[in-house]
Every structure is written in structure tokens, then in C-alpha cells.
Amino acid sequence: MSQRFGGWNRVADHLLSLTDSREIQLNDGQAASLLELAKRLPNNGVIIADEVGMGKTRIAAAVARAVIAAGGRVAILVPPGLGYQWSDELQTAGVNAPPILRSLDGFLNAWRPEGNEHIQPWAEHTAVLISHAFCNWQIKSNTRRSWKWSLLPKTLALAQASLLRESKKLPKGTKNNTELNNDERITKCAKWILDKSNNQQLKTIAKRDGFNQWGKNSPLFKPENYLKHTEYRRGLENVIGLGLGNFDLVIIDEAHKNRGSEGNLERLLKNVVAVTKHARCLAMTATPVELDATQWTQMLERIRVGDASKTAATTAISNYAKSVTRVRQCPSDKEVRKKFKVSATAFKLALNDYLLRRDKRKDPAVIKFQNASGEGYHAYRREQEILIDTAQLSSEWKRAVCAAEALSFVTRQSDRTLAKRLRLTLGNSHGIASLIDQLHRDDKEDQKQIEADRVSWIATQHSSKIELTADKRLLRAEWWQNVMIQPFVKNSGSALFDHPAILAAVEEIEAICLQGEKVLVFGRFTRPLRALVQLLNAREMLRCVDANLPWPQSKVHENEEWEAILSAHRQLRRQGELDRVLLDIALAEQYQALDNHRRNIRENLISHIEEGFTLKQPGKRVRALFDVFKKAVKEDSEQIQGNEDHALAVVARAMHELLQANTENATPSDFAQAFIDLVAAASDRDEGDADGDGQLDEAEASGLWAELKIRLHEEYNRPEGGYARLMFGETKPATRRFLQLAFNRKQGHPKVLVAQSLVGREGLNLHKACRTVVLLHPEWNPGVVEQQIGRVDRIGSLWEEKLNQVTADKQVNGDLPRIEIRPVVFRGTYDEKNWQVLHDRWDDLRAQLHGIVISPRIAEKYPDAEEMIAEINGAAPNFSPSSTV
């Protein structure tokens, strides 16, 4: 806080210097963006809307560095699961920031009493990472955790005594109030705010109505007054903002999230994050507009655009959207084309000061694809449905699909609550599989999905909770629901393993894996996704048993797994009945061979890693953790080392999974790199550094290694095989990092990563061994689909690698490698209409951001209008920074 911000012109100078020196590794597109930001940030905030996977984070980290170099402070607001990736990127840019601030408890810990000499208050950090979900702490009327609300009255009481009263006495009812004084962190934080924060801001808060009522029954002392969206909660959030200090730059990652006024991110921006007078906001999102042009207005509000400019932009945006619709209908009409060009120019001018957008048109790999194929640049992605032929389904499933079709019609004709709830799924184009899978929605595991849908799961079995009504349409809907659930009632144990959408996805996934590639699957509901994982693992297990190949499982475990194995046995048409005892014997025999191989790895593991470190030169942090690991192994007897739960056994198992087929020929350098990657996945970069000196001493390393052993044990002592793995809402952050690490290795498991959409579609890099995305439950929002595809469509992807191989070998006669998007669709049903709706929305998105006003799909209607279509697309707004660096 002692620094004085030198202003935005000084920031611009630092950005120009970074661009020239390339002190931070930047590609030409990123450097061009920094040049444009140097021009624009002195005047206003900016939206960085680069397409997914093009390196927005590196640009934002460079801006953060420039602001700090100019004496400013930076707040970086990120989704909860992206803290470790941002920490890495900031470190690369030379920006030091404490671990991500996730909770009120974490905020107060900066003032914890024991041994906190090394802990800096938040406002003394030049950069602070804050989770989007920071404002999400819960307070109930009967809460006993007074620290969740007492910072406001404690701070106001001190302010009353010091700032607003001459008597210097604490207000009545505060001096001996145990709820205000039972947590020393609250007292220390309140005193710090009074001494160090902006007194004028504190006075403004203290003078609000109801904030100066004291005494035993003061409303300030009642927890129920601090529920979300109350005035007292807002005051508490404002005081926390004083504890964070004022910021000169606010970076919002995934800035399209929580657009509503009551969302956690919006409250964080309005109530918590305090800014200086000339602060700027940098919003980052690949999808600033997802569904309609009005969302541009919300994005402009995020970067604090003035009302007059926002109104002008809104008008231009609306006119452009209308002209896009018109020119698609009449591309041959010269006057329509002329009006479109005028509106496109106005749209460009309205947003030009506020928007930067790099898309794949200038990506070297995409240009290479375009030149080699002779197709449009967008053709490097291919959308091809996995079609389910309803005529080939069993009678129960035919009836279920027909019932879902009927519901899609019936529910559009009723305004009753039940109909609205059902219509949410179909009306938003989630399709037949999503509607059927509503039957398996789990209140706990799918809570985030339920919240995202803004609807609670409706019980699919007949229940007294369903309001009976004379509305015949509603009664018909209930009847169709009962028909739809029959396959699950009749085959309760294995119905999901025979789900047509799951079976179709399995066939496609296995075919791709046989080609040596991995597959990323997205869906919405946890139980069907878990069933897909179990079925894939069961089928691969039986194949391995039949071929006498290793499978990392010594026996069949849960009954649910046995149901999946029985279904797999039947689907693979294996001979005879499946004997569980004989299967366990076969699994045990081949597992013993696998375990023997792991034991061989153990024998030389320490020496291999140590030798590899002479070449890899690990950081001090990794070296300190390895030394603790090595010391612990040496101190234990061989008998203890041989225990399956020993750290040596767990690390050896991890090495085996990461190296897989390469373990026989793995070099010490391979082992060293695997250990480095393992440590990076198992922990945040700053984790364990108790004294904040940027290094781990022996005590710190010992403490952290104890925690890492637990995480490694949880991940690598799994009782089941890992051919396919599930990532959903309950998956721990460390496990997500392990999965990302393993999935990005071409060898080894998992071959298939099945992710719940809300969990896996943002922030994860899953592109190094995969170029295929299967959509089990195709989404209705094109922005969501863009984010999903963006997990594999990134710089340095498997697709780029394969394209470079083909073009280098001059093998361009056949079909070139592409990013493959494979939605599961029931043929001849409402699904095909839903997929059409998604395409229409996708086209609208591309018209505003991708320079594709008339897509190839639309162009098929006008076979003789190639020149006019090229003219129209050529006039589309382009927000790319100058390519001259």
C-alpha cells in the first residue's frame, strides 16, 4: 500500500518494453495485443475475447506485471479451480502473489495470532488472486460461528470510538460482547482496517442507516441480518474490501460467468473489490456473447464503460444483429448487403476501443491446414453426429424415446410448474438423452448443475409432492413421464449400462482409442456419466483378461461394478456365463505380474530420479521434497518399504502409471521429469512455504510431503482400473490436476476422461493427447460448447502435432487431421431439431466474433452466391490486434 501508482501512461511504457524485450515469452499475437492494450488502457477498460486456447492468461499476466512495475496493485478474480494455473502463469511473468483467496476464513487467517510474523495483510500484496466464489460463505440465523459476521460490528465499533466520537469510548454493548471478541483474528483485522485503510471509505460505511444502532439488541449483533443480499451483508463485504485494499487493475477471468446481479462474481465486483479513482478493468472471456447481442451490454458494464458510450454501443450492436439476420435471408439483395456493411462498420466502431479478439484465422496451424486443404479456415473442426437409430432400439427404449418426444410437445402447451420444469431441459435444447437422464439426477452430486439450470430435480416417480391438477395437458405429461421411466424400473440394476446414448458413445470412444488417441467426453448428470465410465472400464477389463494383458485391479469390487461387468460380458458376446470367482482368480494372477513390475521400479526409483536430476535440474522446491522422500525411505526397513501403503510403493505406482509402456525403456531423465510433474500436480506452487521466503526448508518440506503422501495415496491406491475416469463436482482439486497430468500423456491411463460440463469445460488443458470431444448431453448454449471444445483446441495440441506430421510427409492426398466434435443424437427425434437450434445460435456467435456471417451450413442454401458470400463475410467486424509487432 506504500507504493504510489505512476499512472496508465507509465503502464503503457512498461507494456511496450515487455513487447520489445520479450522478457516474458510471447508469440506475435500476444505481443500485438500488448501493443494495443498500451494504447487503450490509458483511456478505458478492455475485454480480451481471444478464442479459447490462444493464451489470454499470458497477456493478462504481462499487464499485471506492468501495473505493478508502475507502482500499482492488481486483483485477479478467477474461477475456484484455476488458482494453481494462474499462480504458474504469474510466476512465469515474474509476478508474486499469495495462494488464491477462497474464503472468509482464509481472508481472516492473514491476522491469525500464532506465528504470523511472516504473514502479510492482503493489502500489502501487490497482486491478489481471489476466487469467484469468495462471497459464497453461508450464514444462518442460529450460526455459532460469529467470525462469519462479526467483522462489521467490530470494525464499526472501533470506528465509532476513533473516527466518529470525541469520547474515544466503544459503543454500548460492544466492550464485553463475546461474539465480537472470541476470535482474535477479528480484532486484529478490525484494528488493521482502522489504522491502515481508507478512513473516508470507512466513514461512509459507518454512516449508513442502521449501522450506528448500538446496545444489547442492536441489529448489528444478529446473524440473521447477514444473509446474502441484505444491507448488513453488503456492509460486511465492503469492510472486507477495506482489508484487501484498493486496486488499480481488476482482471476478471471467465468474465462471462454470473452475469446476473445476484451472482457471487457480481457481488465480489460491486461489494468487495475496492478500486482507485483511475482503476481499469480487464475482462477475459472467449465468449463475451453467448446467446444474444444484449449480453455485450453486460460485458461493457463489467469493464465500467460510461452510460453514454454503453447506450451508443447497445444501439449499434442491436442494429448489427438485425442486419445479420436480414443479409442471411437475402444475400443477393444489393441494398441489404449495403446496409449490412454500414451496420458492421458501426458495430466495429462502437466496440473497437473496448474489445480485442484474436481468433484462429491467424493461427499458424490453422493457416497451414487452410493452405493444405483448400477449405475455409473453420473446417479444421469437424462436427459429426453419433446417430442412434431409434428403429433398432428395444421396445422399452423405443417407448422411452417416444415418451420423451411427447413430453417435448406437451410441456410447451402448459404454464404449470411441472411443465415449466420439464420444458427447461427440452426448451434449452438439451435433448432426449438429457431428458431421460433427468431420471438419474442426484440432489447432492448434481447440485451445481441444478443451480445452473435454475430448477430443482422433479421426481420422476409418482409422488404426492407433484401437485395434481385438472389440467389435462399436465396429466398427460405425468403419464408420459411414467412411460419414460419403464426401462429403469424394469431393469433397475443395469438399465444405465444399456442406455442407447451410452452404448453409442462407448462404440465411438473405443474406436478412437484403438487408433492410439484419447477421448474427452462431456455430459451433465453424474450418474449416467459414472455408468459410462464403469462400462468402459468393465469392457476394457474383460478384453485385458481375455488377452492376458495387465489390468491394475486384483478383484471385482462393488456390486455396481459387477453389474457393469455382466453388461460388458453380454455386449462383447463372450461365451458362456460369467463366473465371478474365476474372474477374480484371473485378475489376481495378472495383477501379481503387474505388481512384480512395480516392485522392480521401486528398487532403483530413488537412484533413477537422483541421476535424472543431474540433467533436469529441478527447482529448489522439488529438490527439497525429494530429499524428504529419500530420507524417509532410507530410514525405513525393507519390510516397511515393501508395504503397499508406503510412500515408496505409492510413488513407484504413480511412476508406472505416468510412464506406462515406456517404463521398460525409461531413462533416469524420464523418471526425474515424471517426479517433477507429479509434485506440480499434487500441490500448489506456494503450498507449504510457511515463512513466505519462496523456498521450503526441511521442516516445511517434511510437513508438505506428509500432505502430498495422502493425496498420492488417494489417487494411486484406487481399487479399480483407470482406463476411463470421471471428473465431477466432488472431484478434489488435486485429483483434477492428477487427471490433467495423466490425460495429457499419450501413453497410459486414462484413455477416456469423462467430465461433468460445469467442472471440466473451463481452465483445463487436455489437448496434448486428445483431439476428439464427445458430447453425451449436447448443450443448448454455443458458448458452453466453445469452452468444451477449447479443452483440446489449444496451442501445442495433438491436432497441431498430427497436422505437422502429415504436411511434413507431404501426405495431403487424404483427409487431414481435424478437431472432432461428436454429439450423441437420436435420429429422427426432437434431438435433431435441438442440434439445429444450437447451430443457429452458434452461427450468431460466429457472426459477431469469428468473422463468419454466412457459415458453410447456411451457404449450402445459396450454391451460386460464392462471391456475394465472400463479400459479406469479408465485411464482418474484425477486432484482431495489428499483426505488426
# chains A, B, ... in the order shown; residues from 1 in each chain; ligands from 1
call {"tool": "select_by_dssp", "arguments": {"residues": "range 116-270 of chain A", "states": "strand (DSSP E or B)", "output": "list in words"}}
result
Ala127, Val128, Leu129, Ile130, Ser131, Phe247, Asp248, Leu249, Val250, Ile251, Ile252 and Asp253 of chain A
call {"tool": "write_last_selection", "arguments": {"atoms": "all heavy atoms", "output": "PDB file, in the first residue's frame"}}
result
ATOM      1  N   ALA A 127      -0.264  -8.120  -5.784  1.00  0.00           N
ATOM      2  CA  ALA A 127      -1.216  -8.886  -6.599  1.00  0.00           C
ATOM      3  C   ALA A 127      -1.938  -9.874  -5.697  1.00  0.00           C
ATOM      4  O   ALA A 127      -1.311 -10.531  -4.863  1.00  0.00           O
ATOM      5  CB  ALA A 127      -0.493  -9.621  -7.728  1.00  0.00           C
ATOM      6  N   VAL A 128      -3.254  -9.971  -5.858  1.00  0.00           N
ATOM      7  CA  VAL A 128      -4.059 -10.873  -5.042  1.00  0.00           C
ATOM      8  C   VAL A 128      -4.995 -11.668  -5.961  1.00  0.00           C
ATOM      9  O   VAL A 128      -5.728 -11.080  -6.774  1.00  0.00           O
ATOM     10  CB  VAL A 128      -4.899 -10.102  -3.997  1.00  0.00           C
ATOM     11  CG1 VAL A 128      -5.745 -11.067  -3.174  1.00  0.00           C
ATOM     12  CG2 VAL A 128      -4.002  -9.274  -3.076  1.00  0.00           C
ATOM     13  N   LEU A 129      -4.926 -12.998  -5.847  1.00  0.00           N
ATOM     14  CA  LEU A 129      -5.847 -13.881  -6.567  1.00  0.00           C
ATOM     15  C   LEU A 129      -7.065 -14.142  -5.693  1.00  0.00           C
ATOM     16  O   LEU A 129      -6.923 -14.552  -4.535  1.00  0.00           O
ATOM     17  CB  LEU A 129      -5.162 -15.215  -6.877  1.00  0.00           C
ATOM     18  CG  LEU A 129      -4.232 -15.300  -8.081  1.00  0.00           C
ATOM     19  CD1 LEU A 129      -3.393 -16.565  -7.989  1.00  0.00           C
ATOM     20  CD2 LEU A 129      -5.042 -15.310  -9.370  1.00  0.00           C
ATOM     21  N   ILE A 130      -8.255 -13.926  -6.234  1.00  0.00           N
ATOM     22  CA  ILE A 130      -9.485 -14.105  -5.463  1.00  0.00           C
ATOM     23  C   ILE A 130     -10.436 -15.015  -6.238  1.00  0.00           C
ATOM     24  O   ILE A 130     -10.694 -14.802  -7.421  1.00  0.00           O
ATOM     25  CB  ILE A 130     -10.184 -12.759  -5.183  1.00  0.00           C
ATOM     26  CG1 ILE A 130      -9.205 -11.751  -4.575  1.00  0.00           C
ATOM     27  CG2 ILE A 130     -11.378 -12.956  -4.248  1.00  0.00           C
ATOM     28  CD1 ILE A 130      -9.785 -10.357  -4.397  1.00  0.00           C
ATOM     29  N   SER A 131     -10.972 -16.010  -5.562  1.00  0.00           N
ATOM     30  CA  SER A 131     -11.917 -16.927  -6.200  1.00  0.00           C
ATOM     31  C   SER A 131     -13.238 -16.236  -6.500  1.00  0.00           C
ATOM     32  O   SER A 131     -13.718 -15.420  -5.707  1.00  0.00           O
ATOM     33  CB  SER A 131     -12.170 -18.130  -5.272  1.00  0.00           C
ATOM     34  OG  SER A 131     -13.293 -18.869  -5.700  1.00  0.00           O
ATOM     35  N   PHE A 247      -7.421  -1.362  -5.446  1.00  0.00           N
ATOM     36  CA  PHE A 247      -6.687  -1.907  -6.589  1.00  0.00           C
ATOM     37  C   PHE A 247      -6.734  -0.934  -7.764  1.00  0.00           C
ATOM     38  O   PHE A 247      -7.727  -0.224  -7.966  1.00  0.00           O
ATOM     39  CB  PHE A 247      -7.286  -3.246  -7.013  1.00  0.00           C
ATOM     40  CG  PHE A 247      -7.153  -4.321  -5.957  1.00  0.00           C
ATOM     41  CD1 PHE A 247      -8.198  -4.595  -5.083  1.00  0.00           C
ATOM     42  CD2 PHE A 247      -5.980  -5.041  -5.833  1.00  0.00           C
ATOM     43  CE1 PHE A 247      -8.083  -5.579  -4.108  1.00  0.00           C
ATOM     44  CE2 PHE A 247      -5.848  -6.024  -4.863  1.00  0.00           C
ATOM     45  CZ  PHE A 247      -6.903  -6.290  -4.002  1.00  0.00           C
ATOM     46  N   ASP A 248      -5.657  -0.950  -8.533  1.00  0.00           N
ATOM     47  CA  ASP A 248      -5.577  -0.107  -9.734  1.00  0.00           C
ATOM     48  C   ASP A 248      -5.996  -0.863 -10.984  1.00  0.00           C
ATOM     49  O   ASP A 248      -6.395  -0.252 -11.972  1.00  0.00           O
ATOM     50  CB  ASP A 248      -4.148   0.412  -9.898  1.00  0.00           C
ATOM     51  CG  ASP A 248      -3.690   1.199  -8.686  1.00  0.00           C
ATOM     52  OD1 ASP A 248      -4.192   2.316  -8.494  1.00  0.00           O
ATOM     53  OD2 ASP A 248      -2.860   0.668  -7.923  1.00  0.00           O
ATOM     54  N   LEU A 249      -5.878  -2.192 -10.951  1.00  0.00           N
ATOM     55  CA  LEU A 249      -6.311  -3.032 -12.068  1.00  0.00           C
ATOM     56  C   LEU A 249      -7.081  -4.222 -11.517  1.00  0.00           C
ATOM     57  O   LEU A 249      -6.631  -4.869 -10.567  1.00  0.00           O
ATOM     58  CB  LEU A 249      -5.110  -3.534 -12.875  1.00  0.00           C
ATOM     59  CG  LEU A 249      -5.414  -4.555 -13.981  1.00  0.00           C
ATOM     60  CD1 LEU A 249      -6.219  -3.902 -15.107  1.00  0.00           C
ATOM     61  CD2 LEU A 249      -4.134  -5.180 -14.532  1.00  0.00           C
ATOM     62  N   VAL A 250      -8.225  -4.494 -12.102  1.00  0.00           N
ATOM     63  CA  VAL A 250      -9.004  -5.692 -11.762  1.00  0.00           C
ATOM     64  C   VAL A 250      -9.075  -6.560 -13.007  1.00  0.00           C
ATOM     65  O   VAL A 250      -9.588  -6.128 -14.048  1.00  0.00           O
ATOM     66  CB  VAL A 250     -10.425  -5.341 -11.280  1.00  0.00           C
ATOM     67  CG1 VAL A 250     -11.205  -6.616 -10.956  1.00  0.00           C
ATOM     68  CG2 VAL A 250     -10.371  -4.433 -10.061  1.00  0.00           C
ATOM     69  N   ILE A 251      -8.525  -7.771 -12.915  1.00  0.00           N
ATOM     70  CA  ILE A 251      -8.588  -8.742 -14.007  1.00  0.00           C
ATOM     71  C   ILE A 251      -9.676  -9.752 -13.674  1.00  0.00           C
ATOM     72  O   ILE A 251      -9.669 -10.336 -12.589  1.00  0.00           O
ATOM     73  CB  ILE A 251      -7.238  -9.457 -14.185  1.00  0.00           C
ATOM     74  CG1 ILE A 251      -6.143  -8.459 -14.562  1.00  0.00           C
ATOM     75  CG2 ILE A 251      -7.334 -10.553 -15.240  1.00  0.00           C
ATOM     76  CD1 ILE A 251      -4.733  -9.057 -14.589  1.00  0.00           C
ATOM     77  N   ILE A 252     -10.604  -9.955 -14.593  1.00  0.00           N
ATOM     78  CA  ILE A 252     -11.692 -10.917 -14.382  1.00  0.00           C
ATOM     79  C   ILE A 252     -11.526 -12.045 -15.389  1.00  0.00           C
ATOM     80  O   ILE A 252     -11.744 -11.854 -16.587  1.00  0.00           O
ATOM     81  CB  ILE A 252     -13.074 -10.278 -14.562  1.00  0.00           C
ATOM     82  CG1 ILE A 252     -13.182  -8.953 -13.822  1.00  0.00           C
ATOM     83  CG2 ILE A 252     -14.168 -11.230 -14.089  1.00  0.00           C
ATOM     84  CD1 ILE A 252     -14.449  -8.173 -14.148  1.00  0.00           C
ATOM     85  N   ASP A 253     -11.144 -13.216 -14.901  1.00  0.00           N
ATOM     86  CA  ASP A 253     -11.057 -14.375 -15.785  1.00  0.00           C
ATOM     87  C   ASP A 253     -12.434 -15.006 -15.923  1.00  0.00           C
ATOM     88  O   ASP A 253     -13.220 -14.993 -14.965  1.00  0.00           O
ATOM     89  CB  ASP A 253     -10.066 -15.394 -15.207  1.00  0.00           C
ATOM     90  CG  ASP A 253      -9.667 -16.453 -16.229  1.00  0.00           C
ATOM     91  OD1 ASP A 253      -9.997 -16.281 -17.417  1.00  0.00           O
ATOM     92  OD2 ASP A 253      -9.033 -17.439 -15.833  1.00  0.00           O
TER      93      ASP A 253
END
call {"tool": "select_by_dssp", "arguments": {"residues": "range 74-155 of chain A", "states": "helix (DSSP H, G or I)", "output": "ChimeraX atom specification"}}
result
/A:80-92,104-111,122-124,134-136,146-148,151-155
call {"tool": "residues_around", "arguments": {"residues": "Leu578 in chain A", "least_positions_apart": "6", "cutoff": "10 Å", "atoms": "only C-alpha atoms", "output": "PyMOL selection string"}}
result
chain A and resi 565-566+569-570
call {"tool": "write_last_selection", "arguments": {"atoms": "N, CA, C and O atoms", "output": "PDB file, in the first residue's frame"}}
result
ATOM      1  N   ILE A 565     -19.867 -55.195 -15.350  1.00  0.00           N
ATOM      2  CA  ILE A 565     -19.099 -56.287 -15.953  1.00  0.00           C
ATOM      3  C   ILE A 565     -20.034 -57.288 -16.627  1.00  0.00           C
ATOM      4  O   ILE A 565     -19.754 -57.774 -17.731  1.00  0.00           O
ATOM      5  N   LEU A 566     -21.157 -57.595 -15.979  1.00  0.00           N
ATOM      6  CA  LEU A 566     -22.138 -58.501 -16.589  1.00  0.00           C
ATOM      7  C   LEU A 566     -22.660 -57.920 -17.905  1.00  0.00           C
ATOM      8  O   LEU A 566     -22.802 -58.635 -18.903  1.00  0.00           O
ATOM      9  N   HIS A 569     -19.905 -58.162 -20.476  1.00  0.00           N
ATOM     10  CA  HIS A 569     -19.770 -59.561 -20.919  1.00  0.00           C
ATOM     11  C   HIS A 569     -20.806 -59.868 -22.001  1.00  0.00           C
ATOM     12  O   HIS A 569     -20.490 -60.480 -23.037  1.00  0.00           O
ATOM     13  N   ARG A 570     -22.025 -59.418 -21.776  1.00  0.00           N
ATOM     14  CA  ARG A 570     -23.104 -59.678 -22.735  1.00  0.00           C
ATOM     15  C   ARG A 570     -22.881 -58.868 -24.018  1.00  0.00           C
ATOM     16  O   ARG A 570     -23.036 -59.382 -25.117  1.00  0.00           O
TER      17      ARG A 570
END
call {"tool": "closest_residue", "arguments": {"among": "A:Ala372, A:Ala672, A:Met541, A:Leu393", "to": "Ile606 in chain A", "atoms": "only C-alpha atoms"}}
result
A:Ala672
call {"tool": "residues_around", "arguments": {"residues": "Arg328 in chain A", "least_positions_apart": "6", "cutoff": "12 Å", "atoms": "only C-alpha atoms", "output": "PyMOL selection string"}}
result
chain A and resi 321-322+336-337+340+840+843-844+847+852-862+865+868-869+872-873
call {"tool": "write_last_selection", "arguments": {"atoms": "C-alpha atoms", "output": "CSV table (one decimal), in the first residue's frame"}}
result
chain,number,residue,atom,x,y,z
A,321,ALA,CA,-27.8,-8.3,-35.1
A,322,LYS,CA,-30.8,-7.4,-37.1
A,336,VAL,CA,-29.4,-5.4,-47.9
A,337,ARG,CA,-25.7,-6.1,-48.3
A,340,PHE,CA,-25.2,-4.8,-43.5
A,840,ASP,CA,-28.3,-21.4,-35.4
A,843,ASP,CA,-23.9,-19.1,-36.3
A,844,ASP,CA,-25.0,-15.9,-34.4
A,847,ALA,CA,-21.2,-13.6,-36.9
A,852,ILE,CA,-18.4,-15.8,-40.4
A,853,VAL,CA,-21.7,-14.1,-41.1
A,854,ILE,CA,-22.8,-16.8,-43.6
A,855,SER,CA,-21.5,-20.1,-42.4
A,856,PRO,CA,-20.9,-23.1,-44.8
A,857,ARG,CA,-24.1,-24.6,-43.5
A,858,ILE,CA,-26.1,-21.5,-44.5
A,859,ALA,CA,-24.1,-21.1,-47.7
A,860,GLU,CA,-25.4,-24.5,-48.9
A,861,LYS,CA,-28.8,-22.8,-49.5
A,862,TYR,CA,-27.1,-20.4,-52.0
A,865,ALA,CA,-23.6,-17.0,-54.5
A,868,MET,CA,-21.5,-12.4,-52.6
A,869,ILE,CA,-21.0,-14.6,-49.5
A,872,ILE,CA,-20.5,-10.4,-46.8
A,873,ASN,CA,-18.0,-12.4,-44.7
call {"tool": "residues_around", "arguments": {"residues": "Leu170 in chain A", "least_positions_apart": "6", "cutoff": "8 Å", "atoms": "only C-alpha atoms", "output": "tab-separated table (two decimals) with all heavy atoms, in the first residue's frame"}}
result
chain	number	residue	atom	x	y	z
A	157	ALA	N	-17.51	-0.49	15.53
A	157	ALA	CA	-17.37	-0.07	16.93
A	157	ALA	C	-16.06	0.69	17.12
A	157	ALA	O	-16.02	1.75	17.77
A	157	ALA	CB	-17.42	-1.30	17.84
A	158	LEU	N	-14.98	0.17	16.57
A	158	LEU	CA	-13.70	0.86	16.68
A	158	LEU	C	-13.74	2.20	15.94
A	158	LEU	O	-13.16	3.19	16.39
A	158	LEU	CB	-12.58	-0.01	16.11
A	158	LEU	CG	-12.27	-1.31	16.87
A	158	LEU	CD1	-11.18	-2.10	16.14
A	158	LEU	CD2	-11.84	-1.01	18.30
A	160	GLN	N	-16.43	4.04	15.49
A	160	GLN	CA	-17.24	4.95	16.30
A	160	GLN	C	-16.38	5.60	17.39
A	160	GLN	O	-16.49	6.78	17.66
A	160	GLN	CB	-18.40	4.20	16.94
A	160	GLN	CG	-19.51	3.79	16.00
A	160	GLN	CD	-20.41	4.97	15.62
A	160	GLN	OE1	-20.43	5.99	16.30
A	160	GLN	NE2	-21.15	4.83	14.53
A	161	ALA	N	-15.52	4.79	18.00
A	161	ALA	CA	-14.69	5.31	19.10
A	161	ALA	C	-13.57	6.21	18.58
A	161	ALA	O	-13.22	7.20	19.22
A	161	ALA	CB	-14.10	4.14	19.89
call {"tool": "residues_around", "arguments": {"residues": "Thr297 in chain A", "least_positions_apart": "5", "cutoff": "9 Å", "atoms": "only C-alpha atoms", "output": "PyMOL selection string"}}
result
chain A and resi 302+310-311+313-314+317
call {"tool": "write_last_selection", "arguments": {"atoms": "C-alpha atoms", "output": "tab-separated table (two decimals), in the first residue's frame"}}
result
chain	number	residue	atom	x	y	z
A	302	ARG	CA	-18.09	-5.31	-16.29
A	310	LYS	CA	-22.72	1.94	-23.41
A	311	THR	CA	-26.01	3.21	-24.82
A	313	ALA	CA	-22.77	0.60	-28.29
A	314	THR	CA	-26.02	-1.16	-27.40
A	317	ILE	CA	-24.99	-3.98	-31.51
call {"tool": "residues_around", "arguments": {"residues": "Ala38 in chain A", "least_positions_apart": "4", "cutoff": "9 Å", "atoms": "only C-alpha atoms", "output": "number ranges by chain"}}
result
A: 8-9, 11-16, 33-34, 42
call {"tool": "write_last_selection", "arguments": {"atoms": "N, CA and C atoms", "output": "PDB file, in the first residue's frame"}}
result
ATOM      1  N   TRP A   8      -1.428   5.322 -15.962  1.00  0.00           N
ATOM      2  CA  TRP A   8      -1.577   4.375 -17.061  1.00  0.00           C
ATOM      3  C   TRP A   8      -0.623   4.630 -18.211  1.00  0.00           C
ATOM      4  N   ASN A   9      -0.146   5.851 -18.346  1.00  0.00           N
ATOM      5  CA  ASN A   9       0.870   6.087 -19.381  1.00  0.00           C
ATOM      6  C   ASN A   9       2.170   5.376 -19.014  1.00  0.00           C
ATOM      7  N   VAL A  11       2.237   2.606 -17.258  1.00  0.00           N
ATOM      8  CA  VAL A  11       1.937   1.195 -17.538  1.00  0.00           C
ATOM      9  C   VAL A  11       2.155   0.902 -19.016  1.00  0.00           C
ATOM     10  N   ALA A  12       1.675   1.827 -19.867  1.00  0.00           N
ATOM     11  CA  ALA A  12       1.839   1.647 -21.320  1.00  0.00           C
ATOM     12  C   ALA A  12       3.318   1.542 -21.684  1.00  0.00           C
ATOM     13  N   ASP A  13       4.154   2.361 -21.053  1.00  0.00           N
ATOM     14  CA  ASP A  13       5.599   2.294 -21.333  1.00  0.00           C
ATOM     15  C   ASP A  13       6.154   0.917 -20.967  1.00  0.00           C
ATOM     16  N   HIS A  14       5.730   0.381 -19.825  1.00  0.00           N
ATOM     17  CA  HIS A  14       6.204  -0.941 -19.408  1.00  0.00           C
ATOM     18  C   HIS A  14       5.720  -2.029 -20.367  1.00  0.00           C
ATOM     19  N   LEU A  15       4.491  -1.892 -20.876  1.00  0.00           N
ATOM     20  CA  LEU A  15       3.976  -2.873 -21.834  1.00  0.00           C
ATOM     21  C   LEU A  15       4.783  -2.845 -23.125  1.00  0.00           C
ATOM     22  N   LEU A  16       5.133  -1.649 -23.581  1.00  0.00           N
ATOM     23  CA  LEU A  16       5.949  -1.531 -24.796  1.00  0.00           C
ATOM     24  C   LEU A  16       7.327  -2.161 -24.569  1.00  0.00           C
ATOM     25  N   SER A  33      -1.270  -7.849 -29.028  1.00  0.00           N
ATOM     26  CA  SER A  33      -2.316  -7.490 -28.063  1.00  0.00           C
ATOM     27  C   SER A  33      -1.781  -6.532 -27.008  1.00  0.00           C
ATOM     28  N   LEU A  34      -0.557  -6.758 -26.542  1.00  0.00           N
ATOM     29  CA  LEU A  34       0.028  -5.858 -25.538  1.00  0.00           C
ATOM     30  C   LEU A  34       0.225  -4.456 -26.108  1.00  0.00           C
ATOM     31  N   PRO A  42      -4.871   3.458 -21.053  1.00  0.00           N
ATOM     32  CA  PRO A  42      -4.895   4.816 -20.504  1.00  0.00           C
ATOM     33  C   PRO A  42      -6.257   5.494 -20.615  1.00  0.00           C
TER      34      PRO A  42
END
call {"tool": "closest_residue", "arguments": {"among": "A:Asn109, A:Gln120, A:Gln592, A:Asn665", "to": "Asp183 in chain A", "atoms": "only C-alpha atoms"}}
result
A:Asn109
call {"tool": "closest_atom_pairs", "arguments": {"of": "range 734-831 of chain A", "to": "range 527-539 of chain A", "cutoff": "8 Å", "atoms": "only C-alpha atoms", "output": "tab-separated table"}}
result
residue	atom	partner	partner_atom	distance
A:Val754	CA	A:Leu529	CA	6.7
A:Ala755	CA	A:Leu529	CA	7.7
A:Gln756	CA	A:Leu529	CA	7.6
call {"tool": "atom_distance", "arguments": {"atom1": "CA of Gln660 in chain A", "atom2": "CA of Leu708 in chain A"}}
result
21.8 Å
call {"tool": "closest_residue", "arguments": {"among": "A:Ile821, A:Leu82, A:Leu648, A:Ile119", "to": "Val521 in chain A", "atoms": "only C-alpha atoms"}}
result
A:Ile821
call {"tool": "decode", "arguments": {"residues": "range 875-879 of chain A", "atoms": "all heavy atoms", "output": "compact mmCIF listing (two decimals), in the first residue's frame"}}
result
# COMPACT_ATOMS: atom_id res chain seq x y z
N ALA A 875 -16.82 -8.35 -44.90
CA ALA A 875 -17.21 -7.09 -44.26
C ALA A 875 -17.51 -7.26 -42.77
O ALA A 875 -17.80 -6.29 -42.08
CB ALA A 875 -18.45 -6.52 -44.95
N ALA A 876 -17.42 -8.48 -42.27
CA ALA A 876 -17.72 -8.73 -40.86
C ALA A 876 -16.72 -8.00 -39.97
O ALA A 876 -15.55 -7.84 -40.33
CB ALA A 876 -17.67 -10.23 -40.58
N PRO A 877 -17.14 -7.55 -38.80
CA PRO A 877 -16.22 -6.84 -37.90
C PRO A 877 -15.05 -7.73 -37.49
O PRO A 877 -15.21 -8.92 -37.27
CB PRO A 877 -17.10 -6.53 -36.68
CG PRO A 877 -18.50 -6.62 -37.18
CD PRO A 877 -18.50 -7.65 -38.25
N ASN A 878 -13.88 -7.12 -37.42
CA ASN A 878 -12.67 -7.84 -37.03
C ASN A 878 -11.98 -7.04 -35.92
O ASN A 878 -11.60 -5.89 -36.13
CB ASN A 878 -11.75 -8.00 -38.23
CG ASN A 878 -10.53 -8.86 -37.93
OD1 ASN A 878 -10.25 -9.18 -36.78
ND2 ASN A 878 -9.81 -9.24 -38.97
N PHE A 879 -11.83 -7.64 -34.78
CA PHE A 879 -11.26 -6.95 -33.62
C PHE A 879 -9.85 -7.45 -33.29
O PHE A 879 -9.39 -7.30 -32.16
CB PHE A 879 -12.18 -7.10 -32.42
CG PHE A 879 -13.53 -6.49 -32.62
CD1 PHE A 879 -14.61 -7.27 -33.04
CD2 PHE A 879 -13.73 -5.14 -32.42
CE1 PHE A 879 -15.86 -6.70 -33.24
CE2 PHE A 879 -14.98 -4.56 -32.61
CZ PHE A 879 -16.05 -5.35 -33.04
